[in-house]
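A.B. asks: Structure file model37.cif, mmCIF, C-alpha atoms, is pasted below:
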```cif
data_data
#
loop_
_atom_site.label_atom_id
_atom_site.label_comp_id
_atom_site.auth_asym_id
_atom_site.auth_seq_id
_atom_site.Cartn_x
_atom_site.Cartn_y
_atom_site.Cartn_z
CA MET A 1 0.00 0.00 0.00
CA GLN A 2 1.42 3.37 -0.99
CA SER A 3 2.14 5.62 1.96
CA ALA A 4 0.43 8.98 2.19
CA GLN A 5 2.32 11.86 0.62
CA LYS A 6 4.07 14.10 3.08
CA PHE A 7 3.67 17.78 2.37
CA PRO A 8 6.34 20.25 3.46
CA ASP A 9 5.67 22.38 6.53
CA PHE A 10 6.42 26.04 5.84
CA THR A 11 4.79 27.42 8.99
CA LYS A 12 8.09 28.36 10.63
CA LEU A 13 9.04 30.67 7.76
CA LYS A 14 8.67 34.44 7.58
CA ALA A 15 8.46 36.41 4.34
CA ILE A 16 8.41 40.10 3.50
CA PHE A 17 7.10 41.53 0.23
CA ILE A 18 8.27 45.03 -0.72
CA ASN A 19 6.37 46.76 -3.50
CA CYS A 20 8.43 49.36 -5.34
CA THR A 21 5.54 50.98 -7.19
CA LEU A 22 5.72 54.74 -7.71
CA LYS A 23 2.13 55.10 -6.46
CA LYS A 24 1.41 56.00 -2.86
CA SER A 25 -1.42 54.26 -1.04
CA PRO A 26 -4.35 54.02 -1.49
CA GLN A 27 -3.79 54.18 -5.27
CA ASP A 28 -4.15 50.85 -7.03
CA SER A 29 -0.86 49.13 -7.84
CA HIS A 30 -0.72 46.62 -10.68
CA THR A 31 2.47 45.22 -9.19
CA GLU A 32 0.70 44.65 -5.89
CA THR A 33 -2.04 42.74 -7.70
CA LEU A 34 0.52 40.21 -8.90
CA MET A 35 2.37 40.16 -5.59
CA ARG A 36 -0.89 39.26 -3.87
CA GLN A 37 -1.01 36.04 -5.89
CA SER A 38 2.28 34.91 -4.37
CA MET A 39 1.30 36.20 -0.94
CA ASP A 40 -1.97 34.26 -1.11
CA ILE A 41 -0.07 31.01 -1.71
CA MET A 42 2.24 31.70 1.23
CA THR A 43 -0.68 32.60 3.47
CA LYS A 44 -2.37 29.29 2.64
CA GLU A 45 0.91 27.54 3.50
CA GLY A 46 0.98 29.19 6.93
CA VAL A 47 3.90 31.54 6.29
CA GLN A 48 4.09 34.69 8.41
CA LEU A 49 3.88 37.67 6.03
CA ARG A 50 4.64 41.36 5.97
CA TYR A 51 3.89 43.71 3.09
CA ILE A 52 5.46 47.13 2.57
CA ARG A 53 4.84 49.73 -0.12
CA LEU A 54 8.16 51.53 0.14
CA VAL A 55 6.97 54.82 -1.35
CA ASP A 56 4.60 55.23 1.62
CA HIS A 57 7.61 55.60 3.92
CA GLN A 58 10.17 58.35 4.36
CA VAL A 59 13.22 56.52 3.01
CA PRO A 60 15.77 58.81 1.38
CA PRO A 61 18.33 57.58 -1.14
CA GLY A 62 21.75 56.63 0.08
CA VAL A 63 24.10 53.80 0.93
CA TYR A 64 24.26 54.21 4.70
CA PRO A 65 22.16 52.45 7.36
CA ASP A 66 20.75 55.74 8.71
CA MET A 67 20.71 58.74 6.41
CA THR A 68 19.85 61.15 9.25
CA GLU A 69 23.57 60.88 10.01
CA HIS A 70 24.28 62.17 6.51
CA GLY A 71 22.17 65.30 6.18
CA TRP A 72 18.60 63.97 5.93
CA GLU A 73 16.02 65.07 8.49
CA GLN A 74 14.05 61.81 8.49
CA ASP A 75 14.76 58.19 7.63
CA GLU A 76 12.44 55.26 8.35
CA TRP A 77 14.93 52.73 7.03
CA PRO A 78 16.35 51.79 10.48
CA GLN A 79 12.88 50.56 11.46
CA LEU A 80 12.09 48.93 8.12
CA LYS A 81 15.40 47.08 8.00
CA GLU A 82 14.53 45.25 11.21
CA GLN A 83 11.45 43.80 9.49
CA ILE A 84 13.57 42.78 6.50
CA LEU A 85 16.25 41.16 8.64
CA ALA A 86 13.60 39.25 10.60
CA ALA A 87 12.32 37.58 7.40
CA ASP A 88 13.63 34.38 5.83
CA ILE A 89 12.34 35.41 2.39
CA LEU A 90 12.40 38.77 0.59
CA VAL A 91 10.32 39.34 -2.54
CA ILE A 92 10.84 42.62 -4.39
CA GLY A 93 8.07 43.79 -6.69
CA THR A 94 8.58 46.47 -9.31
CA PRO A 95 6.86 48.00 -12.34
CA ILE A 96 8.82 48.55 -15.54
CA TRP A 97 9.56 52.09 -16.66
CA LEU A 98 11.50 52.63 -19.90
CA GLY A 99 12.65 49.02 -19.73
CA GLU A 100 14.07 49.41 -16.22
CA LYS A 101 13.01 48.64 -12.67
CA SER A 102 11.51 51.61 -10.85
CA SER A 103 13.60 54.27 -9.15
CA VAL A 104 12.07 53.09 -5.87
CA ALA A 105 13.39 49.58 -6.51
CA GLN A 106 16.86 50.96 -7.17
CA LYS A 107 16.68 52.94 -3.95
CA LEU A 108 15.65 49.81 -2.06
CA ILE A 109 18.62 47.89 -3.44
CA GLU A 110 20.97 50.70 -2.46
CA ARG A 111 19.58 50.78 1.08
CA LEU A 112 19.88 46.99 1.33
CA TYR A 113 23.46 47.34 0.15
CA ALA A 114 24.09 49.77 3.01
CA LEU A 115 23.82 46.84 5.44
CA SER A 116 25.86 44.37 3.40
CA GLY A 117 29.01 44.91 5.44
CA MET A 118 27.29 43.83 8.65
CA THR A 119 27.75 40.25 9.89
CA ASN A 120 25.61 37.70 11.70
CA ASP A 121 26.56 35.79 14.82
CA ARG A 122 28.62 33.37 12.69
CA GLY A 123 30.74 36.09 11.17
CA GLN A 124 28.95 35.77 7.82
CA TYR A 125 27.46 38.68 5.93
CA ILE A 126 24.07 39.69 7.32
CA TYR A 127 21.91 38.43 4.43
CA TYR A 128 23.36 34.90 4.47
CA ASN A 129 20.71 32.20 5.07
CA LYS A 130 17.99 34.40 3.54
CA VAL A 131 16.26 33.78 0.20
CA GLY A 132 15.30 36.34 -2.45
CA GLY A 133 13.02 36.61 -5.47
CA CYS A 134 11.19 39.23 -7.53
CA LEU A 135 7.94 39.96 -9.36
CA VAL A 136 7.74 42.40 -12.27
CA THR A 137 4.82 43.98 -14.14
CA GLY A 138 4.60 46.41 -17.03
CA ASN A 139 3.93 46.96 -20.71
CA GLU A 140 6.25 46.09 -23.57
CA ASP A 141 9.62 44.53 -22.73
CA GLY A 142 12.01 44.60 -19.79
CA LEU A 143 10.81 41.84 -17.47
CA LYS A 144 13.91 39.63 -17.68
CA HIS A 145 16.20 42.64 -17.65
CA CYS A 146 14.66 43.92 -14.41
CA ALA A 147 14.70 40.45 -12.84
CA ARG A 148 18.35 39.97 -13.80
CA ASP A 149 19.39 43.22 -12.13
CA ILE A 150 17.39 42.60 -8.96
CA LEU A 151 18.42 38.98 -8.51
CA TYR A 152 22.07 39.78 -9.21
CA ALA A 153 22.02 42.49 -6.55
CA LEU A 154 20.35 40.22 -4.01
CA GLN A 155 22.81 37.36 -4.47
CA HIS A 156 25.75 39.76 -4.43
CA ILE A 157 24.87 41.02 -0.96
CA GLY A 158 24.26 37.51 0.39
CA TYR A 159 20.76 36.33 -0.46
CA SER A 160 20.33 32.82 -1.85
CA ILE A 161 18.43 32.59 -5.15
CA PRO A 162 16.52 29.39 -6.00
CA PRO A 163 15.61 28.20 -9.51
CA GLN A 164 12.86 30.18 -11.23
CA ALA A 165 13.14 33.01 -8.70
CA ASP A 166 11.29 35.57 -10.80
CA ALA A 167 7.92 35.93 -12.45
CA GLY A 168 5.96 38.69 -14.10
CA TRP A 169 3.54 39.91 -16.72
CA ILE A 170 3.95 42.36 -19.57
CA GLY A 171 1.34 43.57 -22.01
CA GLU A 172 1.55 43.99 -25.73
CA VAL A 173 3.84 46.56 -27.31
CA GLY A 174 2.39 50.03 -26.99
CA PRO A 175 -0.23 51.51 -24.67
CA GLY A 176 -2.65 49.01 -23.21
CA PRO A 177 -4.15 47.67 -20.00
CA SER A 178 -1.83 46.81 -17.13
CA TYR A 179 -1.92 43.69 -14.98
CA GLY A 180 -5.26 43.37 -13.20
CA ASP A 181 -7.03 46.19 -15.08
CA THR A 182 -10.74 45.52 -15.56
CA GLU A 183 -11.29 48.17 -18.23
CA TRP A 184 -9.35 49.95 -20.95
CA GLN A 185 -10.29 53.11 -22.82
CA ASP A 186 -13.68 53.16 -21.09
CA GLN A 187 -14.42 49.59 -22.23
CA SER A 188 -14.89 46.76 -19.75
CA LEU A 189 -12.60 43.76 -20.20
CA ASN A 190 -13.99 40.22 -20.13
CA GLN A 191 -11.56 39.47 -17.30
CA PRO A 192 -8.78 41.38 -15.57
CA ALA A 193 -5.75 41.84 -17.82
CA GLY A 194 -3.17 39.12 -17.39
CA PHE A 195 -5.35 36.82 -15.31
CA ASP A 196 -5.63 34.40 -18.24
CA SER A 197 -1.84 34.09 -18.64
CA ASP A 198 -0.86 30.52 -17.83
CA PHE A 199 2.78 31.60 -18.15
CA THR A 200 2.38 34.18 -15.36
CA GLN A 201 0.28 31.88 -13.19
CA ARG A 202 2.77 29.02 -13.51
CA ASN A 203 5.91 31.09 -12.97
CA THR A 204 4.44 32.93 -10.00
CA THR A 205 3.49 29.64 -8.39
CA PHE A 206 6.84 27.97 -9.11
CA MET A 207 8.74 31.01 -7.86
CA THR A 208 6.74 31.08 -4.63
CA TYR A 209 7.26 27.43 -3.83
CA ASN A 210 10.93 27.46 -4.81
CA LEU A 211 11.49 30.35 -2.41
CA LEU A 212 9.72 28.36 0.31
CA HIS A 213 11.61 25.15 -0.41
CA LEU A 214 15.02 26.79 -0.37
CA ALA A 215 14.26 28.81 2.76
CA GLN A 216 13.04 25.68 4.51
CA MET A 217 16.13 23.69 3.47
CA ILE A 218 18.45 26.40 4.74
CA GLN A 219 16.50 26.62 8.00
CA ALA A 220 16.48 22.84 8.48
CA GLN A 221 20.22 22.71 7.82
CA GLY A 222 20.80 25.38 10.44
CA GLY A 223 22.08 27.79 7.82
CA TYR A 224 25.24 27.78 5.74
CA SER A 225 28.38 26.54 7.41
CA ASN A 226 30.76 29.41 8.03
CA TYR A 227 33.71 27.31 6.94
CA GLY A 228 35.28 29.36 4.17
CA ASN A 229 32.96 32.37 4.44
CA ASN A 230 33.57 33.88 7.88
CA LYS A 231 34.46 37.55 7.43
CA ASN A 232 35.55 37.94 11.04
CA ALA A 233 37.92 34.98 10.73
CA TRP A 234 39.23 36.34 7.41
CA ASP A 235 39.99 39.69 9.02
CA GLU A 236 41.92 37.84 11.71
CA GLY A 237 44.09 36.12 9.07
CA LYS A 238 42.25 32.84 8.46
CA ARG A 239 42.56 31.74 4.82
CA TRP A 240 41.28 28.12 4.79
CA ASN A 241 42.61 26.61 1.51
CA PHE A 242 43.24 29.87 -0.30
CA ASP A 243 46.88 30.26 -1.25
CA ASN A 244 48.02 33.53 -2.79
CA PRO A 245 50.18 32.64 -5.82
CA GLU A 246 52.78 35.27 -4.99
CA TYR A 247 53.60 33.48 -1.74
CA ARG A 248 54.06 29.99 -3.22
#
```
Mind turning this structure into structure tokens?
C.D. replies:
Amino acid sequence: MQSAQKFPDFTKLKAIFINCTLKKSPQDSHTETLMRQSMDIMTKEGVQLRYIRLVDHQVPPGVYPDMTEHGWEQDEWPQLKEQILAADILVIGTPIWLGEKSSVAQKLIERLYALSGMTNDRGQYIYYNKVGGCLVTGNEDGLKHCARDILYALQHIGYSIPPQADAGWIGEVGPGPSYGDTEWQDQSLNQPAGFDSDFTQRNTTFMTYNLLHLAQMIQAQGGYSNYGNNKNAWDEGKRWNFDNPEYR
């Protein structure tokens, strides 16, 4: 008799979704509409979620942890970063403008980078043992370009990136409805734009579960070993098996 299938338990995981739309709340965000699809899956899997629309917060540009120490009167980043660091999974959502991720998304990456020199209690960089992905919406082209830039930045500062870590939807070339729109040029659509895209549905689902699987594996393993990646040990002279050719 075939044993019952065991489903993974994701209930110990925490995820944070950061929407980098240019629109302040309560304006509708097409990017949020797609992000909610991934969030809905995680909610059903028992994951603890947080959602942030970055433009709603006073977060100035910069590459320092607290920009009030560098001429700005207000900076909410010190509080927001605590929510990001508490999460096992980070999903960045962005619209496409002129083929690029939004300026808000670039600012977010720069502020994340501001913490990249910090270390955890193992001497590893602060984003080690965390998993990252992205969701992109827009018209015309740029989805893969935006995903490439975001995922590169996340892995560079320490996030782990699973297979199929991005998903998105883009409309036809030229002006047209955006993801989730129910009407266009005063005409009602038969269904919200993009909701019939099997490509978007599949990739969003695969991305979501791959983020969960990798985060769970890292958590179950107790995180990455710090053998060979301990910054504190490196600063103290530890080199493991690295041998500088000039000293051979």
A.B. asks: Which residues of range 82-126 of chain A have any atom within 10 Å of an atom in range 191-214 of chain A when counting only C-alpha atoms, and what is the closest pair of atoms for each, with the distance in Å to one decimal? Order the rows by chain and rising number and write it as JSON lines.
C.D. replies:
```
{"residue": "A:Asp88", "atom": "CA", "partner": "A:Leu212", "partner_atom": "CA", "distance": 9.1}
{"residue": "A:Ile89", "atom": "CA", "partner": "A:Leu211", "partner_atom": "CA", "distance": 7.0}
{"residue": "A:Leu90", "atom": "CA", "partner": "A:Leu211", "partner_atom": "CA", "distance": 9.0}
{"residue": "A:Val91", "atom": "CA", "partner": "A:Leu211", "partner_atom": "CA", "distance": 9.1}
```
A.B. asks: In Å, with one decimal, what is the gap from CA of Ser25 in chain A to CA of Leu85 in chain A?
C.D. replies: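 Atom-to-atom, CA of Ser25 in chain A to CA of Leu85 in chain A, that is 24.0 Å.
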A.B. asks: Quick one: which residues end up in the PyMOL selection byres ((chain A and resi 108-112) around 9) for this structure, as an mmCIF file with C-alpha atoms, in the coordinates of the input?
C.D. replies:
```cif
data_model
loop_
_atom_site.group_PDB
_atom_site.id
_atom_site.type_symbol
_atom_site.label_atom_id
_atom_site.label_comp_id
_atom_site.auth_asym_id
_atom_site.auth_seq_id
_atom_site.Cartn_x
_atom_site.Cartn_y
_atom_site.Cartn_z
ATOM 1 C CA ILE A 18 8.270 45.030 -0.720
ATOM 2 C CA CYS A 20 8.430 49.360 -5.340
ATOM 3 C CA LEU A 54 8.160 51.530 0.140
ATOM 4 C CA VAL A 59 13.220 56.520 3.010
ATOM 5 C CA PRO A 60 15.770 58.810 1.380
ATOM 6 C CA PRO A 61 18.330 57.580 -1.140
ATOM 7 C CA GLY A 62 21.750 56.630 0.080
ATOM 8 C CA VAL A 63 24.100 53.800 0.930
ATOM 9 C CA TYR A 64 24.260 54.210 4.700
ATOM 10 C CA PRO A 65 22.160 52.450 7.360
ATOM 11 C CA TRP A 77 14.930 52.730 7.030
ATOM 12 C CA LYS A 81 15.400 47.080 8.000
ATOM 13 C CA ILE A 92 10.840 42.620 -4.390
ATOM 14 C CA SER A 103 13.600 54.270 -9.150
ATOM 15 C CA VAL A 104 12.070 53.090 -5.870
ATOM 16 C CA ALA A 105 13.390 49.580 -6.510
ATOM 17 C CA GLN A 106 16.860 50.960 -7.170
ATOM 18 C CA LYS A 107 16.680 52.940 -3.950
ATOM 19 C CA TYR A 113 23.460 47.340 0.150
ATOM 20 C CA ALA A 114 24.090 49.770 3.010
ATOM 21 C CA LEU A 115 23.820 46.840 5.440
ATOM 22 C CA SER A 116 25.860 44.370 3.400
ATOM 23 C CA ILE A 150 17.390 42.600 -8.960
ATOM 24 C CA ALA A 153 22.020 42.490 -6.550
ATOM 25 C CA LEU A 154 20.350 40.220 -4.010
ATOM 26 C CA ILE A 157 24.870 41.020 -0.960
#
```
A.B. asks: Need the shell around Gln155 in chain A: protein/DNA/RNA residues with any atom at most 10 Å away, counting only C-alpha atoms. Skip same-chain ones fewer than 2 positions apart. Format as a ChimeraX atom specification?
C.D. replies: /A:127-128,130-133,150-153,157-161
A.B. asks: For each of A:Gly71, A:Asp181, A:Pro78, A:Gly46, take the minimum atom-to-atom distance to Gln58 in chain A, counting all atoms listed in the file, then give the residue where this is smallest.
C.D. replies: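 Answer, going by the shortest atom-to-atom distance: A:Pro78.
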A.B. asks: Between CA of Glu100 in chain A and CA of Gly142 in chain A, measure the distance and give it in Å to one decimal.
C.D. replies: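 Rounded to one decimal, the two atoms are 6.3 Å apart.
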A.B. asks: When you count all atoms listed in the file, which of these residues is closest to Ala220 in chain A: A:His156, A:Gly93, A:Gln37, A:Asn129?
C.D. replies: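 Going through A:His156, A:Gly93, A:Gln37, A:Asn129 one by one, the smallest distance to Ala220 in chain A is for A:Asn129.
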A.B. asks: Can you tell me, as a list in words, which residues sit within 9 Å of (5.6, 35.5, 9.0) in the file's frame, using only C-alpha atoms?
C.D. replies: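 Output of the proximity query reads Thr11, Lys12, Leu13, Lys14, Ala15, Ile16, Thr43, Gly46, Val47, Gln48, Leu49, Arg50, Ala86, Ala87 and Asp88 of chain A.
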A.B. asks: Just to confirm, what's the straight-line distance from CA of Pro177 in chain A to CA of Glu32 in chain A in Å (one decimal)?
C.D. replies: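 Separating CA of Pro177 in chain A from CA of Glu32 in chain A is a distance of 15.2 Å.
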A.B. asks: How would you write, as a PyMOL selection string, the residues chosen by the PyMOL selection byres ((chain A and resi 229) around 12) on this structure?
C.D. replies: chain A and resi 119-120+122-126+128+158+224-228+230-235+238-242
A.B. asks: Considering all atoms listed in the file, state which residue in the set A:Thr94, A:Asp121, A:Gly138, A:Gln216 is at the smallest distance from Gly176 in chain A.
C.D. replies: A:Gly138
A.B. asks: Find the spatial neighbours of Gly168 in chain A, counting all atoms listed in the file, within a cut-off of 6 Å - ignore same-chain residues fewer than 5 positions away - and output them as a PyMOL selection string.
C.D. replies: chain A and resi 135-137+200
A.B. asks: Would you fill out range 38-49 of chain A with all heavy atoms and return it as a PDB file, in the coordinates of the input?
C.D. replies:
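Output file part.pdb follows:
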```
ATOM      1  N   SER A  38       1.237  35.633  -5.100  1.00  0.00           N
ATOM      2  CA  SER A  38       2.280  34.910  -4.370  1.00  0.00           C
ATOM      3  C   SER A  38       2.006  34.939  -2.861  1.00  0.00           C
ATOM      4  O   SER A  38       2.163  33.925  -2.169  1.00  0.00           O
ATOM      5  CB  SER A  38       3.645  35.524  -4.673  1.00  0.00           C
ATOM      6  OG  SER A  38       4.662  34.862  -3.957  1.00  0.00           O
ATOM      7  N   MET A  39       1.589  36.081  -2.362  1.00  0.00           N
ATOM      8  CA  MET A  39       1.300  36.200  -0.940  1.00  0.00           C
ATOM      9  C   MET A  39       0.156  35.286  -0.527  1.00  0.00           C
ATOM     10  O   MET A  39       0.162  34.710   0.575  1.00  0.00           O
ATOM     11  CB  MET A  39       0.971  37.664  -0.609  1.00  0.00           C
ATOM     12  CG  MET A  39       2.152  38.606  -0.764  1.00  0.00           C
ATOM     13  SD  MET A  39       1.686  40.357  -0.672  1.00  0.00           S
ATOM     14  CE  MET A  39       1.121  40.459   1.026  1.00  0.00           C
ATOM     15  N   ASP A  40      -0.828  35.120  -1.420  1.00  0.00           N
ATOM     16  CA  ASP A  40      -1.970  34.260  -1.110  1.00  0.00           C
ATOM     17  C   ASP A  40      -1.516  32.805  -0.952  1.00  0.00           C
ATOM     18  O   ASP A  40      -1.974  32.096  -0.038  1.00  0.00           O
ATOM     19  CB  ASP A  40      -3.002  34.378  -2.227  1.00  0.00           C
ATOM     20  CG  ASP A  40      -4.239  33.529  -1.958  1.00  0.00           C
ATOM     21  OD1 ASP A  40      -4.881  33.721  -0.915  1.00  0.00           O
ATOM     22  OD2 ASP A  40      -4.566  32.669  -2.794  1.00  0.00           O
ATOM     23  N   ILE A  41      -0.602  32.371  -1.828  1.00  0.00           N
ATOM     24  CA  ILE A  41      -0.070  31.010  -1.710  1.00  0.00           C
ATOM     25  C   ILE A  41       0.645  30.845  -0.363  1.00  0.00           C
ATOM     26  O   ILE A  41       0.438  29.859   0.359  1.00  0.00           O
ATOM     27  CB  ILE A  41       0.892  30.694  -2.867  1.00  0.00           C
ATOM     28  CG1 ILE A  41       0.137  30.655  -4.192  1.00  0.00           C
ATOM     29  CG2 ILE A  41       1.613  29.367  -2.622  1.00  0.00           C
ATOM     30  CD1 ILE A  41       1.039  30.534  -5.405  1.00  0.00           C
ATOM     31  N   MET A  42       1.496  31.802  -0.028  1.00  0.00           N
ATOM     32  CA  MET A  42       2.240  31.700   1.230  1.00  0.00           C
ATOM     33  C   MET A  42       1.313  31.728   2.442  1.00  0.00           C
ATOM     34  O   MET A  42       1.533  31.007   3.423  1.00  0.00           O
ATOM     35  CB  MET A  42       3.277  32.817   1.313  1.00  0.00           C
ATOM     36  CG  MET A  42       4.434  32.663   0.352  1.00  0.00           C
ATOM     37  SD  MET A  42       5.838  33.691   0.840  1.00  0.00           S
ATOM     38  CE  MET A  42       6.938  33.445  -0.546  1.00  0.00           C
ATOM     39  N   THR A  43       0.278  32.551   2.367  1.00  0.00           N
ATOM     40  CA  THR A  43      -0.680  32.600   3.470  1.00  0.00           C
ATOM     41  C   THR A  43      -1.349  31.242   3.661  1.00  0.00           C
ATOM     42  O   THR A  43      -1.489  30.754   4.795  1.00  0.00           O
ATOM     43  CB  THR A  43      -1.753  33.676   3.210  1.00  0.00           C
ATOM     44  OG1 THR A  43      -1.122  34.958   3.153  1.00  0.00           O
ATOM     45  CG2 THR A  43      -2.793  33.692   4.318  1.00  0.00           C
ATOM     46  N   LYS A  44      -1.742  30.610   2.560  1.00  0.00           N
ATOM     47  CA  LYS A  44      -2.370  29.290   2.640  1.00  0.00           C
ATOM     48  C   LYS A  44      -1.406  28.241   3.183  1.00  0.00           C
ATOM     49  O   LYS A  44      -1.834  27.228   3.752  1.00  0.00           O
ATOM     50  CB  LYS A  44      -2.899  28.886   1.271  1.00  0.00           C
ATOM     51  CG  LYS A  44      -4.078  29.724   0.793  1.00  0.00           C
ATOM     52  CD  LYS A  44      -4.471  29.364  -0.631  1.00  0.00           C
ATOM     53  CE  LYS A  44      -5.635  30.225  -1.117  1.00  0.00           C
ATOM     54  NZ  LYS A  44      -5.968  29.966  -2.550  1.00  0.00           N
ATOM     55  N   GLU A  45      -0.101  28.465   2.997  1.00  0.00           N
ATOM     56  CA  GLU A  45       0.910  27.540   3.500  1.00  0.00           C
ATOM     57  C   GLU A  45       1.327  27.858   4.943  1.00  0.00           C
ATOM     58  O   GLU A  45       2.210  27.198   5.490  1.00  0.00           O
ATOM     59  CB  GLU A  45       2.141  27.542   2.590  1.00  0.00           C
ATOM     60  CG  GLU A  45       1.900  26.971   1.204  1.00  0.00           C
ATOM     61  CD  GLU A  45       1.696  25.452   1.199  1.00  0.00           C
ATOM     62  OE1 GLU A  45       1.863  24.823   2.268  1.00  0.00           O
ATOM     63  OE2 GLU A  45       1.379  24.902   0.136  1.00  0.00           O
ATOM     64  N   GLY A  46       0.707  28.877   5.531  1.00  0.00           N
ATOM     65  CA  GLY A  46       0.980  29.190   6.930  1.00  0.00           C
ATOM     66  C   GLY A  46       2.203  30.033   7.182  1.00  0.00           C
ATOM     67  O   GLY A  46       2.679  30.127   8.321  1.00  0.00           O
ATOM     68  N   VAL A  47       2.726  30.676   6.135  1.00  0.00           N
ATOM     69  CA  VAL A  47       3.900  31.540   6.290  1.00  0.00           C
ATOM     70  C   VAL A  47       3.492  32.859   6.920  1.00  0.00           C
ATOM     71  O   VAL A  47       2.435  33.410   6.607  1.00  0.00           O
ATOM     72  CB  VAL A  47       4.565  31.779   4.913  1.00  0.00           C
ATOM     73  CG1 VAL A  47       5.770  32.705   5.046  1.00  0.00           C
ATOM     74  CG2 VAL A  47       4.961  30.453   4.280  1.00  0.00           C
ATOM     75  N   GLN A  48       4.335  33.382   7.807  1.00  0.00           N
ATOM     76  CA  GLN A  48       4.090  34.690   8.410  1.00  0.00           C
ATOM     77  C   GLN A  48       4.518  35.770   7.408  1.00  0.00           C
ATOM     78  O   GLN A  48       5.665  35.759   6.954  1.00  0.00           O
ATOM     79  CB  GLN A  48       4.863  34.842   9.710  1.00  0.00           C
ATOM     80  CG  GLN A  48       4.480  33.829  10.772  1.00  0.00           C
ATOM     81  CD  GLN A  48       5.295  34.009  12.031  1.00  0.00           C
ATOM     82  OE1 GLN A  48       5.352  35.105  12.607  1.00  0.00           O
ATOM     83  NE2 GLN A  48       5.949  32.943  12.473  1.00  0.00           N
ATOM     84  N   LEU A  49       3.614  36.693   7.087  1.00  0.00           N
ATOM     85  CA  LEU A  49       3.880  37.670   6.030  1.00  0.00           C
ATOM     86  C   LEU A  49       3.878  39.105   6.521  1.00  0.00           C
ATOM     87  O   LEU A  49       3.147  39.465   7.448  1.00  0.00           O
ATOM     88  CB  LEU A  49       2.811  37.550   4.935  1.00  0.00           C
ATOM     89  CG  LEU A  49       2.768  36.295   4.074  1.00  0.00           C
ATOM     90  CD1 LEU A  49       1.691  36.437   3.029  1.00  0.00           C
ATOM     91  CD2 LEU A  49       4.116  36.027   3.420  1.00  0.00           C
TER      92      LEU A  49
END
```
